[in-house]
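Below is one structure; the comments refer to it alone.
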Amino acid sequence: MQPTALEVDYLIVGAGTMGMAFADTLVAETDATVAIVDRYDQPGGHWTVAYPFVRLHQPSAYYGVNSRELGSGTVDQDGWNAGLHELASAGELLTYFDQVMRRTLLPTGRVSYFPKSFYDGPDPLRPDVQRFHSLVSRAGFEVTVKRRTVDATYMNVTVPAMVPPKYEVAPGVRLITPNQLPALEDQPSHYTVVGAGKTGIDACLWLLGHGTDPSDITWIMPRDSWLIDRAHTQPGDSSILETEAARREAVAGADTVQELFARLEDSGLLLRLSDDVDPTAYRCATVARAELEQLRRIGDIVRHGRVKRIDENAIELDQATLPAQAGTLYIDCTADGLERRPTVPVFDQARITLQAVVPCQQVFSAALTAHVEASYADDDTKNALCAPSQHPDSALDWIQFFGDIQERIVRWTADPALVEWLSTCRLLGRRIPEISPEQRTALLPMFEAQKLKLEQLLHQEDVVAAVN
């Protein structure tokens, strides 16, 4: 069968959250033609296969695409998120992204959407021609891309339903993903949640929310994490500015990494599950204090590293082998939704590789990348404005996380036109103030002092690690 020939300005590979946020801003700010290729049957990426009880951990107000509000801006009146802004459910997110595609992008007449299609890569003999094929009809397509191919899949977001566990599971062991929890038709004698990230937190809260006795839950936690208090991520300039000020004060007043985290905890910016355990991880996970109180009801927390093997009689971990309770249902929550990927240039000749420009803020980063692509002429300038940042993983990565944010603020505030765009971008979640050149000059020494302080703290930690 002869491939169908297409010609567009941009080919976007992936209709997940980053691909949709990029396409939305690009189409809004340019007259470009776009083809979007995606392996799933509807837009939304990993949300199409996520567990049905999943919700955003951040307010809906900061998520989605820039041109269309997500949710109604309401504050929850009941439940463990009461008093805080609404968190979109999986169903709401899938409906939202479908509406973005059907009511915002496709009606422009400049966007073509190819669901259930697989991107095959460039033609070996014609570098400006990209190929993909339908996973249903097997029909092939050859796309002449006049400007760029946009990789919206590089961040490799995964949920448990997408990948098998990385540990061995013996025959006879009952292990499920969180997707299967709502469909349970019997009550196991015991639950063991494997994994301590966002998914593990959600699984524990689902069990507790359905009346499971905390004594019937074991939580395997390879590392404790510092958690963000969701109260400090709420819409409103005052709360955001107060949070930024508290971060700067914590950095300025700390002489060691340990003192920094103590100050962050004392100010309420970071939380931990157990007062007697020092967290070694930081993954941007966000909780309400009411949720944290529920999680603290679970007494059987296993801290012996990652699982290596589960059989009917024992659980083998990195640092111990423990007896297994008969009749246990294991819930695998170990997929890495925020994989720490190597950074590559975002703008590279005929290719754009979408990455987090602000750590853990992928949708804003994608929208910013599209705006910069539309508004600036050369790749050196574009890459300077959109320097990618790895997702944080260890507790020490909080220092790099904060440093990256400060560095970007310094760079962006040098460009009044960009500051104006940022002030209207609902996805940023923080207000970049409009400042005069004189004000910026006065602020630069403060930013430089913060940068030096962060470098000193990291250096001290490197010295301690080398000695030990």
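Labels used: A, B, ... for chains in the order of the structure tokens, numbers from 1 for residues in each chain, and numbers from 1 for ligands as shown.
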
Would you mind listing what lies within 12 Å of Arg351 in chain A as a list of chain:residue names, with only C-alpha atoms counted and same-chain residues fewer than 6 positions away left out? A:Asp9, A:Tyr10, A:Leu11, A:Ile12, A:Val13, A:Gly121, A:Pro122, A:Pro127, A:Asp128, A:Gln130, A:Val145, A:Lys146, A:Arg147, A:Arg148, A:Thr149, A:Val150, A:Asp151, A:Ala152, A:Val344, A:Pro345, A:Glu373, A:Asp379

Using only C-alpha atoms, which protein or nucleic acid residues come within 9 Å of range 443-453 of chain A? Drop anything in the same chain fewer than 4 positions from it, and give the result as number ranges by chain. A: 248, 251-252, 254-255, 403, 406-407, 410, 438-439, 457-458

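Residues surrounding Val358 in chain A within 12 Å are Cys284, Phe364, Ser365, Ala366, Ala367, Leu368, Thr369, Leu385, Cys386, Ala387, Pro388, Ser389, Gln390, His391, Pro392, Gln400, Phe401, Phe402, Gly403, Asp404, Ile405, Gln406, Glu407, Arg408, Ile409, Leu427, Leu428, Gly429 and Arg430 of chain A [only C-alpha atoms; sequence separation below 6 positions excluded].
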
Tell me, which residues of range 182-309 of chain A carry DSSP helix (DSSP H, G or I), written as a count of residues only? 55

Run DSSP on the backbone and grab whatever in range 182-261 of chain A lands in strand (DSSP E or B); send it over as an MDAnalysis selection string. chainID A and resid 190:194 217:220 225:229

I need the residues from that last selection saved to file as an mmCIF file, in the first residue's frame (with N, CA and C atoms), if you can.
data_model
loop_
_atom_site.group_PDB
_atom_site.id
_atom_site.type_symbol
_atom_site.label_atom_id
_atom_site.label_comp_id
_atom_site.auth_asym_id
_atom_site.auth_seq_id
_atom_site.Cartn_x
_atom_site.Cartn_y
_atom_site.Cartn_z
ATOM 1 N N HIS A 190 -4.694 -9.375 54.004
ATOM 2 C CA HIS A 190 -3.688 -8.335 54.261
ATOM 3 C C HIS A 190 -3.328 -7.668 52.937
ATOM 4 N N TYR A 191 -2.949 -6.394 53.015
ATOM 5 C CA TYR A 191 -2.492 -5.638 51.843
ATOM 6 C C TYR A 191 -1.038 -5.224 52.067
ATOM 7 N N THR A 192 -0.221 -5.348 51.024
ATOM 8 C CA THR A 192 1.142 -4.819 51.065
ATOM 9 C C THR A 192 1.336 -3.906 49.859
ATOM 10 N N VAL A 193 1.562 -2.636 50.136
ATOM 11 C CA VAL A 193 1.803 -1.643 49.087
ATOM 12 C C VAL A 193 3.306 -1.569 48.850
ATOM 13 N N VAL A 194 3.721 -1.790 47.609
ATOM 14 C CA VAL A 194 5.141 -1.793 47.259
ATOM 15 C C VAL A 194 5.451 -0.502 46.510
ATOM 16 N N ILE A 217 -2.455 -3.163 56.679
ATOM 17 C CA ILE A 217 -1.650 -2.606 55.582
ATOM 18 C C ILE A 217 -0.169 -2.644 55.957
ATOM 19 N N THR A 218 0.649 -3.183 55.068
ATOM 20 C CA THR A 218 2.104 -3.054 55.148
ATOM 21 C C THR A 218 2.538 -2.154 53.996
ATOM 22 N N TRP A 219 3.440 -1.242 54.290
ATOM 23 C CA TRP A 219 3.904 -0.303 53.253
ATOM 24 C C TRP A 219 5.415 -0.465 53.111
ATOM 25 N N ILE A 220 5.835 -0.971 51.972
ATOM 26 C CA ILE A 220 7.270 -1.134 51.699
ATOM 27 C C ILE A 220 7.786 0.178 51.126
ATOM 28 N N SER A 225 10.630 10.198 51.774
ATOM 29 C CA SER A 225 10.737 11.399 50.943
ATOM 30 C C SER A 225 10.307 12.642 51.712
ATOM 31 N N TRP A 226 10.950 13.746 51.375
ATOM 32 C CA TRP A 226 10.410 15.040 51.765
ATOM 33 C C TRP A 226 9.197 15.315 50.891
ATOM 34 N N LEU A 227 8.131 15.794 51.503
ATOM 35 C CA LEU A 227 6.874 16.042 50.812
ATOM 36 C C LEU A 227 6.537 17.523 50.859
ATOM 37 N N ILE A 228 5.850 18.008 49.828
ATOM 38 C CA ILE A 228 5.435 19.402 49.768
ATOM 39 C C ILE A 228 4.047 19.531 50.389
ATOM 40 N N ASP A 229 3.883 20.511 51.248
ATOM 41 C CA ASP A 229 2.569 20.813 51.814
ATOM 42 C C ASP A 229 1.730 21.494 50.735
#

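Residues with any atom within 7 Å of range 25-41 of chain A, counting only C-alpha atoms and excluding same-chain neighbours fewer than 3 positions away, are Val8, Asp9, Tyr10, Leu11, Ile12, Val13, Gly14, Ala15, Ala21, Phe22, Asn66, Arg110, Val111, Ser112, Tyr113, Phe114, Pro115, Lys116, Ser117, Phe118, Tyr119, Ala367, Ala370, His371 and Ala374 of chain A.
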
Output N, CA and C atoms for every residue in the selection just made, as a PDB file, in the first residue's frame.
ATOM      1  N   VAL A   8       3.429  19.377   6.727  1.00  0.00           N
ATOM      2  CA  VAL A   8       3.063  20.258   7.840  1.00  0.00           C
ATOM      3  C   VAL A   8       4.302  21.026   8.289  1.00  0.00           C
ATOM      4  N   ASP A   9       4.067  22.048   9.080  1.00  0.00           N
ATOM      5  CA  ASP A   9       5.194  22.778   9.668  1.00  0.00           C
ATOM      6  C   ASP A   9       5.819  21.995  10.818  1.00  0.00           C
ATOM      7  N   TYR A  10       4.965  21.386  11.662  1.00  0.00           N
ATOM      8  CA  TYR A  10       5.442  20.671  12.844  1.00  0.00           C
ATOM      9  C   TYR A  10       4.771  19.310  12.932  1.00  0.00           C
ATOM     10  N   LEU A  11       5.562  18.301  13.222  1.00  0.00           N
ATOM     11  CA  LEU A  11       5.046  16.983  13.572  1.00  0.00           C
ATOM     12  C   LEU A  11       5.311  16.772  15.056  1.00  0.00           C
ATOM     13  N   ILE A  12       4.243  16.606  15.834  1.00  0.00           N
ATOM     14  CA  ILE A  12       4.372  16.384  17.274  1.00  0.00           C
ATOM     15  C   ILE A  12       4.139  14.911  17.547  1.00  0.00           C
ATOM     16  N   VAL A  13       5.114  14.283  18.165  1.00  0.00           N
ATOM     17  CA  VAL A  13       5.023  12.861  18.485  1.00  0.00           C
ATOM     18  C   VAL A  13       4.620  12.746  19.951  1.00  0.00           C
ATOM     19  N   GLY A  14       3.360  12.378  20.179  1.00  0.00           N
ATOM     20  CA  GLY A  14       2.848  12.231  21.529  1.00  0.00           C
ATOM     21  C   GLY A  14       1.761  13.247  21.834  1.00  0.00           C
ATOM     22  N   ALA A  15       0.583  12.750  22.205  1.00  0.00           N
ATOM     23  CA  ALA A  15      -0.548  13.619  22.572  1.00  0.00           C
ATOM     24  C   ALA A  15      -0.800  13.537  24.072  1.00  0.00           C
ATOM     25  N   ALA A  21       0.092  20.565  25.573  1.00  0.00           N
ATOM     26  CA  ALA A  21       0.398  21.926  26.020  1.00  0.00           C
ATOM     27  C   ALA A  21       1.238  22.662  24.989  1.00  0.00           C
ATOM     28  N   PHE A  22       2.187  21.959  24.360  1.00  0.00           N
ATOM     29  CA  PHE A  22       3.005  22.573  23.313  1.00  0.00           C
ATOM     30  C   PHE A  22       2.127  22.946  22.115  1.00  0.00           C
ATOM     31  N   ASN A  66      -2.579  26.064  28.214  1.00  0.00           N
ATOM     32  CA  ASN A  66      -2.668  27.463  28.649  1.00  0.00           C
ATOM     33  C   ASN A  66      -3.989  28.128  28.263  1.00  0.00           C
ATOM     34  N   ARG A 110      -5.893  23.706  11.157  1.00  0.00           N
ATOM     35  CA  ARG A 110      -4.435  23.607  10.964  1.00  0.00           C
ATOM     36  C   ARG A 110      -3.818  22.439  11.719  1.00  0.00           C
ATOM     37  N   VAL A 111      -4.649  21.646  12.381  1.00  0.00           N
ATOM     38  CA  VAL A 111      -4.159  20.518  13.169  1.00  0.00           C
ATOM     39  C   VAL A 111      -4.770  19.229  12.647  1.00  0.00           C
ATOM     40  N   SER A 112      -3.909  18.230  12.434  1.00  0.00           N
ATOM     41  CA  SER A 112      -4.348  16.879  12.082  1.00  0.00           C
ATOM     42  C   SER A 112      -3.948  15.950  13.224  1.00  0.00           C
ATOM     43  N   TYR A 113      -4.842  15.054  13.598  1.00  0.00           N
ATOM     44  CA  TYR A 113      -4.622  14.181  14.759  1.00  0.00           C
ATOM     45  C   TYR A 113      -4.723  12.728  14.313  1.00  0.00           C
ATOM     46  N   PHE A 114      -3.703  11.945  14.681  1.00  0.00           N
ATOM     47  CA  PHE A 114      -3.626  10.539  14.277  1.00  0.00           C
ATOM     48  C   PHE A 114      -3.471   9.656  15.518  1.00  0.00           C
ATOM     49  N   PRO A 115      -4.592   9.298  16.158  1.00  0.00           N
ATOM     50  CA  PRO A 115      -4.514   8.393  17.306  1.00  0.00           C
ATOM     51  C   PRO A 115      -4.226   6.965  16.854  1.00  0.00           C
ATOM     52  N   LYS A 116      -3.858   6.121  17.797  1.00  0.00           N
ATOM     53  CA  LYS A 116      -3.522   4.718  17.521  1.00  0.00           C
ATOM     54  C   LYS A 116      -2.542   4.609  16.359  1.00  0.00           C
ATOM     55  N   SER A 117      -1.501   5.431  16.433  1.00  0.00           N
ATOM     56  CA  SER A 117      -0.480   5.441  15.383  1.00  0.00           C
ATOM     57  C   SER A 117       0.896   5.392  16.018  1.00  0.00           C
ATOM     58  N   PHE A 118       1.832   4.793  15.321  1.00  0.00           N
ATOM     59  CA  PHE A 118       3.182   4.616  15.837  1.00  0.00           C
ATOM     60  C   PHE A 118       4.164   5.392  14.973  1.00  0.00           C
ATOM     61  N   TYR A 119       4.991   6.187  15.619  1.00  0.00           N
ATOM     62  CA  TYR A 119       6.009   6.979  14.917  1.00  0.00           C
ATOM     63  C   TYR A 119       7.193   6.084  14.567  1.00  0.00           C
ATOM     64  N   ALA A 367       4.489  24.541  27.320  1.00  0.00           N
ATOM     65  CA  ALA A 367       3.885  25.766  26.799  1.00  0.00           C
ATOM     66  C   ALA A 367       4.942  26.848  26.596  1.00  0.00           C
ATOM     67  N   ALA A 370       6.929  26.192  23.470  1.00  0.00           N
ATOM     68  CA  ALA A 370       6.208  26.589  22.258  1.00  0.00           C
ATOM     69  C   ALA A 370       6.230  28.098  22.076  1.00  0.00           C
ATOM     70  N   HIS A 371       6.048  28.839  23.170  1.00  0.00           N
ATOM     71  CA  HIS A 371       6.083  30.304  23.068  1.00  0.00           C
ATOM     72  C   HIS A 371       7.457  30.779  22.604  1.00  0.00           C
ATOM     73  N   ALA A 374       7.966  30.171  18.989  1.00  0.00           N
ATOM     74  CA  ALA A 374       7.197  31.098  18.158  1.00  0.00           C
ATOM     75  C   ALA A 374       7.746  32.513  18.168  1.00  0.00           C
TER      76      ALA A 374
END

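Nearest residue to Leu338 in chain A, choosing from A:Asn383, A:Asn156, A:Gln180, A:Thr212 and counting only C-alpha atoms: A:Asn156.
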
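Each of A:Glu168, A:Ala246, A:Met162, A:Ile310 was compared to Arg263 in chain A using only C-alpha atoms, and A:Ala246 turns out to be the nearest.
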
Fewer than 3 positions away in the same chain doesn't count, so skip those; otherwise give me all residues within 10 Å of Gln2 in chain A, counting only C-alpha atoms, as a CSV table (one decimal) with all heavy atoms, in the first residue's frame.
chain,number,residue,atom,x,y,z
A,5,ALA,N,0.9,10.8,1.7
A,5,ALA,CA,1.9,12.0,1.9
A,5,ALA,C,1.2,13.1,2.5
A,5,ALA,O,0.0,13.5,2.2
A,5,ALA,CB,2.4,12.4,0.5
A,139,ALA,N,-2.0,1.4,7.7
A,139,ALA,CA,-1.7,2.4,6.7
A,139,ALA,C,-0.5,3.2,7.1
A,139,ALA,O,-0.3,3.6,8.2
A,139,ALA,CB,-2.9,3.3,6.5
A,140,GLY,N,0.4,3.5,6.1
A,140,GLY,CA,1.6,4.2,6.3
A,140,GLY,C,1.4,5.7,5.9
A,140,GLY,O,0.6,6.0,5.0
A,141,PHE,N,2.2,6.6,6.5
A,141,PHE,CA,2.2,8.0,6.2
A,141,PHE,C,3.6,8.5,6.1
A,141,PHE,O,4.5,8.1,6.9
A,141,PHE,CB,1.5,8.8,7.3
A,141,PHE,CG,0.0,8.4,7.5
A,141,PHE,CD1,-0.4,7.3,8.2
A,141,PHE,CD2,-1.0,9.2,6.9
A,141,PHE,CE1,-1.7,7.0,8.4
A,141,PHE,CE2,-2.3,8.9,7.0
A,141,PHE,CZ,-2.7,7.7,7.7
A,142,GLU,N,3.8,9.4,5.2
A,142,GLU,CA,5.1,10.1,5.0
A,142,GLU,C,4.9,11.6,5.1
A,142,GLU,O,4.1,12.1,4.4
A,142,GLU,CB,5.8,9.7,3.7
A,142,GLU,CG,6.2,8.3,3.5
A,142,GLU,CD,6.9,8.0,2.3
A,142,GLU,OE1,6.8,8.8,1.3
A,142,GLU,OE2,7.6,7.0,2.2

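Comparing the minimum interatomic distances between Thr280 in chain A and each of A:Asp397, A:Glu86, A:Glu312, A:Asp202, counting only C-alpha atoms, we find that A:Asp397 sits nearest.
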
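Atom pair CA of Pro59 in chain A / CA of Arg426 in chain A: separated by 11.5 Å.
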
Can you tell me which residues surround Trp47 in chain A at a distance of at most 9 Å, considering only C-alpha atoms, apart from same-chain residues fewer than 5 positions away, and format the answer as a PyMOL selection string? chain A and resi 16-17+54+90-91+93-94+159

Would you save the residues of that selection, restricted to N, CA, C and O atoms, as a PDB file, in the first residue's frame?
ATOM      1  N   GLY A  16       0.280  13.368  24.843  1.00  0.00           N
ATOM      2  CA  GLY A  16       0.176  13.442  26.290  1.00  0.00           C
ATOM      3  C   GLY A  16       0.134  14.887  26.750  1.00  0.00           C
ATOM      4  O   GLY A  16      -0.066  15.815  25.951  1.00  0.00           O
ATOM      5  N   THR A  17       0.352  15.099  28.032  1.00  0.00           N
ATOM      6  CA  THR A  17       0.190  16.447  28.581  1.00  0.00           C
ATOM      7  C   THR A  17       1.181  17.433  27.973  1.00  0.00           C
ATOM      8  O   THR A  17       0.807  18.576  27.679  1.00  0.00           O
ATOM      9  N   VAL A  54      -6.954   7.966  40.572  1.00  0.00           N
ATOM     10  CA  VAL A  54      -5.877   8.946  40.623  1.00  0.00           C
ATOM     11  C   VAL A  54      -6.436  10.358  40.504  1.00  0.00           C
ATOM     12  O   VAL A  54      -7.439  10.595  39.822  1.00  0.00           O
ATOM     13  N   ALA A  90      -8.956  11.457  37.148  1.00  0.00           N
ATOM     14  CA  ALA A  90      -8.547  10.905  35.859  1.00  0.00           C
ATOM     15  C   ALA A  90      -9.631  11.123  34.811  1.00  0.00           C
ATOM     16  O   ALA A  90      -9.344  11.507  33.671  1.00  0.00           O
ATOM     17  N   GLY A  91     -10.896  10.894  35.185  1.00  0.00           N
ATOM     18  CA  GLY A  91     -11.982  11.097  34.236  1.00  0.00           C
ATOM     19  C   GLY A  91     -12.095  12.538  33.773  1.00  0.00           C
ATOM     20  O   GLY A  91     -12.328  12.809  32.592  1.00  0.00           O
ATOM     21  N   LEU A  93      -9.687  14.697  33.658  1.00  0.00           N
ATOM     22  CA  LEU A  93      -8.533  15.010  32.809  1.00  0.00           C
ATOM     23  C   LEU A  93      -8.721  14.478  31.398  1.00  0.00           C
ATOM     24  O   LEU A  93      -8.401  15.163  30.415  1.00  0.00           O
ATOM     25  N   LEU A  94      -9.241  13.268  31.270  1.00  0.00           N
ATOM     26  CA  LEU A  94      -9.433  12.701  29.940  1.00  0.00           C
ATOM     27  C   LEU A  94     -10.494  13.477  29.168  1.00  0.00           C
ATOM     28  O   LEU A  94     -10.348  13.730  27.973  1.00  0.00           O
ATOM     29  N   VAL A 159       3.255   4.611  34.390  1.00  0.00           N
ATOM     30  CA  VAL A 159       2.425   4.239  35.532  1.00  0.00           C
ATOM     31  C   VAL A 159       2.442   2.721  35.605  1.00  0.00           C
ATOM     32  O   VAL A 159       2.812   2.036  34.644  1.00  0.00           O
TER      33      VAL A 159
END

Considering only C-alpha atoms, give me a table of residues in range 199-280 of chain A that are at most 12 Å from range 286-295 of chain A, with the closest atom pair and distance in Å for each, as CSV.
residue,atom,partner,partner_atom,distance
A:Thr199,CA,A:Thr286,CA,11.5
A:Gly200,CA,A:Leu295,CA,10.5
A:Ile201,CA,A:Leu295,CA,7.7
A:Asp202,CA,A:Glu291,CA,9.7
A:Ala203,CA,A:Leu295,CA,10.4
A:Cys204,CA,A:Leu295,CA,7.0
A:Leu205,CA,A:Leu295,CA,6.9
A:Trp206,CA,A:Leu295,CA,10.5
A:Leu207,CA,A:Leu295,CA,10.4
A:Leu208,CA,A:Gln294,CA,7.4
A:Gly209,CA,A:Gln294,CA,8.9
A:Gly211,CA,A:Gln294,CA,11.4
A:Thr212,CA,A:Gln294,CA,11.5
A:Asp213,CA,A:Gln294,CA,11.3
A:Pro214,CA,A:Leu295,CA,8.9
A:Ser215,CA,A:Leu295,CA,12.0
A:Ile217,CA,A:Leu295,CA,10.6
A:Thr218,CA,A:Leu295,CA,11.4
A:Trp219,CA,A:Leu295,CA,9.9
A:Ser225,CA,A:Thr286,CA,10.5
A:Trp226,CA,A:Thr286,CA,9.2
A:Leu227,CA,A:Thr286,CA,5.6
A:Ile228,CA,A:Thr286,CA,4.5
A:Asp229,CA,A:Val287,CA,5.6
A:Arg230,CA,A:Ala288,CA,5.2
A:Ala231,CA,A:Ala288,CA,6.8
A:His232,CA,A:Ala288,CA,9.7
A:Thr233,CA,A:Thr286,CA,8.9
A:Gln234,CA,A:Ala288,CA,11.2
A:Gly268,CA,A:Arg289,CA,10.2
A:Leu269,CA,A:Thr286,CA,10.5
A:Leu270,CA,A:Thr286,CA,9.3
A:Leu271,CA,A:Leu292,CA,8.6
A:Arg272,CA,A:Leu292,CA,8.4
A:Leu273,CA,A:Leu292,CA,6.9
A:Ser274,CA,A:Leu295,CA,9.9

For those residues, write N, CA and C atoms to a file as an mmCIF file, in the first residue's frame.
data_model
loop_
_atom_site.group_PDB
_atom_site.id
_atom_site.type_symbol
_atom_site.label_atom_id
_atom_site.label_comp_id
_atom_site.auth_asym_id
_atom_site.auth_seq_id
_atom_site.Cartn_x
_atom_site.Cartn_y
_atom_site.Cartn_z
ATOM 1 N N THR A 199 2.239 7.215 43.614
ATOM 2 C CA THR A 199 1.304 6.113 43.424
ATOM 3 C C THR A 199 1.124 5.322 44.710
ATOM 4 N N GLY A 200 2.222 5.074 45.437
ATOM 5 C CA GLY A 200 2.120 4.375 46.709
ATOM 6 C C GLY A 200 1.274 5.145 47.707
ATOM 7 N N ILE A 201 1.464 6.470 47.749
ATOM 8 C CA ILE A 201 0.645 7.317 48.622
ATOM 9 C C ILE A 201 -0.830 7.190 48.246
ATOM 10 N N ASP A 202 -1.115 7.246 46.940
ATOM 11 C CA ASP A 202 -2.505 7.158 46.494
ATOM 12 C C ASP A 202 -3.124 5.814 46.855
ATOM 13 N N ALA A 203 -2.363 4.732 46.699
ATOM 14 C CA ALA A 203 -2.892 3.400 47.019
ATOM 15 C C ALA A 203 -3.198 3.284 48.507
ATOM 16 N N CYS A 204 -2.296 3.777 49.348
ATOM 17 C CA CYS A 204 -2.538 3.748 50.791
ATOM 18 C C CYS A 204 -3.771 4.569 51.160
ATOM 19 N N LEU A 205 -3.902 5.754 50.586
ATOM 20 C CA LEU A 205 -5.053 6.599 50.890
ATOM 21 C C LEU A 205 -6.353 5.981 50.380
ATOM 22 N N TRP A 206 -6.304 5.289 49.249
ATOM 23 C CA TRP A 206 -7.502 4.617 48.745
ATOM 24 C C TRP A 206 -7.953 3.533 49.717
ATOM 25 N N LEU A 207 -7.004 2.733 50.202
ATOM 26 C CA LEU A 207 -7.344 1.677 51.164
ATOM 27 C C LEU A 207 -7.921 2.273 52.442
ATOM 28 N N LEU A 208 -7.250 3.285 52.977
ATOM 29 C CA LEU A 208 -7.727 3.910 54.211
ATOM 30 C C LEU A 208 -9.082 4.577 53.994
ATOM 31 N N GLY A 209 -9.252 5.202 52.847
ATOM 32 C CA GLY A 209 -10.509 5.871 52.556
ATOM 33 C C GLY A 209 -11.679 4.916 52.395
ATOM 34 N N GLY A 211 -12.027 2.342 54.373
ATOM 35 C CA GLY A 211 -12.251 1.731 55.667
ATOM 36 C C GLY A 211 -11.317 0.611 56.047
ATOM 37 N N THR A 212 -10.245 0.409 55.309
ATOM 38 C CA THR A 212 -9.292 -0.641 55.672
ATOM 39 C C THR A 212 -8.625 -0.310 56.996
ATOM 40 N N ASP A 213 -8.559 -1.295 57.884
ATOM 41 C CA ASP A 213 -7.881 -1.098 59.158
ATOM 42 C C ASP A 213 -6.396 -0.887 58.883
ATOM 43 N N PRO A 214 -5.780 0.169 59.420
ATOM 44 C CA PRO A 214 -4.348 0.405 59.165
ATOM 45 C C PRO A 214 -3.466 -0.787 59.527
ATOM 46 N N SER A 215 -3.901 -1.613 60.502
ATOM 47 C CA SER A 215 -3.095 -2.782 60.873
ATOM 48 C C SER A 215 -3.097 -3.848 59.785
ATOM 49 N N ILE A 217 -2.455 -3.163 56.679
ATOM 50 C CA ILE A 217 -1.650 -2.606 55.582
ATOM 51 C C ILE A 217 -0.169 -2.644 55.957
ATOM 52 N N THR A 218 0.649 -3.183 55.068
ATOM 53 C CA THR A 218 2.104 -3.054 55.148
ATOM 54 C C THR A 218 2.538 -2.154 53.996
ATOM 55 N N TRP A 219 3.440 -1.242 54.290
ATOM 56 C CA TRP A 219 3.904 -0.303 53.253
ATOM 57 C C TRP A 219 5.415 -0.465 53.111
ATOM 58 N N SER A 225 10.630 10.198 51.774
ATOM 59 C CA SER A 225 10.737 11.399 50.943
ATOM 60 C C SER A 225 10.307 12.642 51.712
ATOM 61 N N TRP A 226 10.950 13.746 51.375
ATOM 62 C CA TRP A 226 10.410 15.040 51.765
ATOM 63 C C TRP A 226 9.197 15.315 50.891
ATOM 64 N N LEU A 227 8.131 15.794 51.503
ATOM 65 C CA LEU A 227 6.874 16.042 50.812
ATOM 66 C C LEU A 227 6.537 17.523 50.859
ATOM 67 N N ILE A 228 5.850 18.008 49.828
ATOM 68 C CA ILE A 228 5.435 19.402 49.768
ATOM 69 C C ILE A 228 4.047 19.531 50.389
ATOM 70 N N ASP A 229 3.883 20.511 51.248
ATOM 71 C CA ASP A 229 2.569 20.813 51.814
ATOM 72 C C ASP A 229 1.730 21.494 50.735
ATOM 73 N N ARG A 230 0.630 20.859 50.350
ATOM 74 C CA ARG A 230 -0.186 21.394 49.254
ATOM 75 C C ARG A 230 -0.734 22.784 49.572
ATOM 76 N N ALA A 231 -0.835 23.112 50.842
ATOM 77 C CA ALA A 231 -1.326 24.443 51.213
ATOM 78 C C ALA A 231 -0.421 25.545 50.680
ATOM 79 N N HIS A 232 0.829 25.219 50.408
ATOM 80 C CA HIS A 232 1.773 26.221 49.900
ATOM 81 C C HIS A 232 1.821 26.258 48.374
ATOM 82 N N THR A 233 0.914 25.547 47.713
ATOM 83 C CA THR A 233 0.880 25.559 46.246
ATOM 84 C C THR A 233 -0.449 26.096 45.725
ATOM 85 N N GLN A 234 -1.175 26.833 46.560
ATOM 86 C CA GLN A 234 -2.506 27.286 46.191
ATOM 87 C C GLN A 234 -2.468 28.545 45.322
ATOM 88 N N GLY A 268 7.202 24.874 57.404
ATOM 89 C CA GLY A 268 6.053 24.179 56.845
ATOM 90 C C GLY A 268 6.124 23.923 55.358
ATOM 91 N N LEU A 269 7.230 24.291 54.732
ATOM 92 C CA LEU A 269 7.340 24.093 53.286
ATOM 93 C C LEU A 269 7.507 22.627 52.930
ATOM 94 N N LEU A 270 8.228 21.882 53.758
ATOM 95 C CA LEU A 270 8.423 20.454 53.535
ATOM 96 C C LEU A 270 7.892 19.676 54.725
ATOM 97 N N LEU A 271 7.352 18.499 54.441
ATOM 98 C CA LEU A 271 6.800 17.622 55.461
ATOM 99 C C LEU A 271 7.463 16.256 55.338
ATOM 100 N N ARG A 272 7.361 15.471 56.403
ATOM 101 C CA ARG A 272 7.845 14.095 56.330
ATOM 102 C C ARG A 272 6.856 13.169 57.026
ATOM 103 N N LEU A 273 6.938 11.904 56.663
ATOM 104 C CA LEU A 273 5.999 10.938 57.208
ATOM 105 C C LEU A 273 6.275 10.655 58.677
ATOM 106 N N SER A 274 7.538 10.414 59.012
ATOM 107 C CA SER A 274 7.903 10.012 60.377
ATOM 108 C C SER A 274 8.932 10.969 60.934
#

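Closest approach to Val65 in chain A among A:Thr104, A:Thr353, A:Thr158, A:Gln325: A:Thr104, based on only C-alpha atoms.
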